[in-house]
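Reading through the structure tokens given below for one structure.
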Amino acid sequence: MAQKPSIPKGTRDFGQLEMARRNYIFDAIKGVFSLYGFQQIETPAMENIGTLMGKYGEEGDKLLFRIQNSGEKAASAPEKGLRYDLTVPFARYVVQHREEISFPFKRFQIQPVWRADRPQKGRYREFYQCDVDVVGTDSLLCELELIQIVEEVYRRLGIRVCLHINNRKILAGIAEVIGAPDKIVDITVAIDKLDKIGVEAVNDELRERGLSEEQVEKLQPILNLNGSTAEKLTALHSILSNSEIGLKGVGEMETIFDELKIVDCTLDIELDLCLARGLNYYTGAIFEVKALDAQIGSITGGGRYDNLTGIFGLPGVSGVGISFGADRIYDVLTELNLFPAELQSTTRLLFATFGSDELRYALTWANALREQGIAVEVYPEPAKMKKQMGYADDKQIPFVAIVGSNELEQNKVMLKEMSSGNQQLVDLSELVQLLNR
């Protein structure tokens, strides 16, 4: 009995339409990245497990896909894993190639990553990230540019979004003032789930992670702090008055919001003090972007990391970056019906022929049109016209050039517009003009 074909849960095949739509997303994102001077690199799908372990926090380490060694030297070979994100491999790349690159180093990377997560809507085990990072500078101008990139990408894609921003220094300051500086990781992991599980469940998790009732109680006014950005920052000056690192985080936020006024940013931005981002390597500003018209969670996220390269032997190199989740963006565009209709076909014209002489004639015209940059196909055999027209319909090809004996004699083709059914006899120059309209 033949085996039923299948793929692992949390992975997907992509057909022609899906790939056209995915490339629409990638092209929009690449175009914006390039506007700001970022250049593309790629890293291997697998990394040595030591490169990956310990960089994503306790929960992240559990989601690493490990690769079983095989081959003659399997016993002595270092264990490997599929990359969990693009940031840690990027840090490894920077250290390994530091003699070949100039700082500040601005790169983007669009590749798949893998997580051994439970598949559900908007969450896959294999998915693409579109990362943009700059390392080798502490300047908050980098954070400003990332926000501008977010604004322009989603403007081009037509998705209304809200960017949530916070600062890990503010969170460290909060941990200090409630008397739990050693619990910063536990606090951030817990409150990062606030919008998913609610305040009471977060408080329960904080208690489970070792915070006292008094410390949990001191945290409540901060978790529930409301008002405008200016009002929140003013309140934080008071709340964090005894925390040097906390006040530094507030100052960084004030600088970023002042810079946004200079560039007339119109993006919806919220200072979200409950935004923590679970990854341990963040040290400064952190970002998450959510679609306003679709319930799908974060579709972009990132932040500042001051010493991620230090774990690979190059300390003191600060970086900041964000990652666009291409798969979630795809789901949002699909749900909101925002993909352009013309993506469904790249072919502009199909040649349909009645015989072998007509087929050879069509090939010469097809070559001439392709030299003009027009995407055309020649149906590979002179089949029944109904079959050839059906092929054009299935691929949503807008025009068909019909070639029979009469067209051959006149050195012309009968051009049919598929949407209207209108037909006209045209020569090659007229066909080029019509297709270029």
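Ligands are numbered from 1 in the order shown, residues from 1 within each chain, and chains are lettered A, B, ... in the order they appear in the structure tokens.
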
Item to check | Pro119 of chain A environment, 7 Å, only C-alpha atoms, sequence neighbours closer than 2 positions dropped, as a count of residues only | outcome: 6

Next on the checklist: I need the residues of segment 245-297 of chain A that end up classed as helix (DSSP H, G or I) by DSSP on the backbone, written out as JSON, numbers by chain.
Outcome noted: {"A": [245, 246, 247, 248, 249, 250, 251, 252, 253, 254, 255, 256, 257, 258, 259, 260, 261, 262]}

Checklist entry - What separation in Å, quoted to one decimal, exists between atom CA of Ala172 of chain A and atom CA of Ile184 of chain A? => result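 A separation of 6.0 Å between them.
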
Item to check | Using only C-alpha atoms: which of A:Asp186, A:Glu259, A:Glu254, A:Glu377 has the shortest distance to Glu59 of chain A | outcome: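 Of A:Asp186, A:Glu259, A:Glu254, A:Glu377, the one nearest Glu59 of chain A, counting only C-alpha atoms, is A:Asp186.
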
Item to check | Length of the atom CA of Gln295 of chain A to atom CA of Leu194 of chain A vector [Å] | outcome: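 Atom CA of Gln295 of chain A sits 15.8 Å away from atom CA of Leu194 of chain A.
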
Checklist entry - Skipping near chain neighbours, those fewer than 5 positions away, what residues fall within 8 Å of segment 329-337 of chain A using only C-alpha atoms, listed as a ChimeraX atom specification? => result /A:21-22,25,122,159,291,293-294,296,299,324

Item to check | Å distance separating atom CA of Asn226 of chain A from atom CA of Asp264 of chain A, one decimal place | outcome: 24.4 Å

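Using only C-alpha atoms, the protein and nucleic acid residues lying no more than 10 Å from Asp306 of chain A, apart from those fewer than 6 places from it along its own chain, are Val135, Gly136, Thr137, Asp138, Tyr281, Tyr282, Thr283, Gly284, Pro315, Gly316, Val317, Ser318, Gly319 and Val320 of chain A.
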
Item to check | Shortest interatomic distance to Asp427 of chain A - which of A:Arg277, A:Asn307, A:Glu288, A:Ala401, counting only C-alpha atoms | outcome: A:Ala401

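Ranking A:Ala230, A:Ile256, A:Ile245, A:Val134 by their shortest atom-to-atom distance to Phe38 of chain A, with only C-alpha atoms included, puts A:Val134 first.
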
Checklist outcome for this item: Between A:Leu314, A:Gln120, A:Gln148, A:Ser238, smallest distance to Leu260 of chain A by only C-alpha atoms belongs to A:Gln148

Next on the checklist: If we count only C-alpha atoms and set the cut-off at 7 Å, which residues sit around Tyr84 of chain A, ignoring sequence neighbours fewer than 3 positions away in its own chain? Please answer as a ChimeraX atom specification.
Outcome noted: /A:64,113-115

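Closest to Asn242 of chain A among A:Ile174, A:Leu141, A:Ile67, A:Ala368 is A:Ile174, based on only C-alpha atoms.
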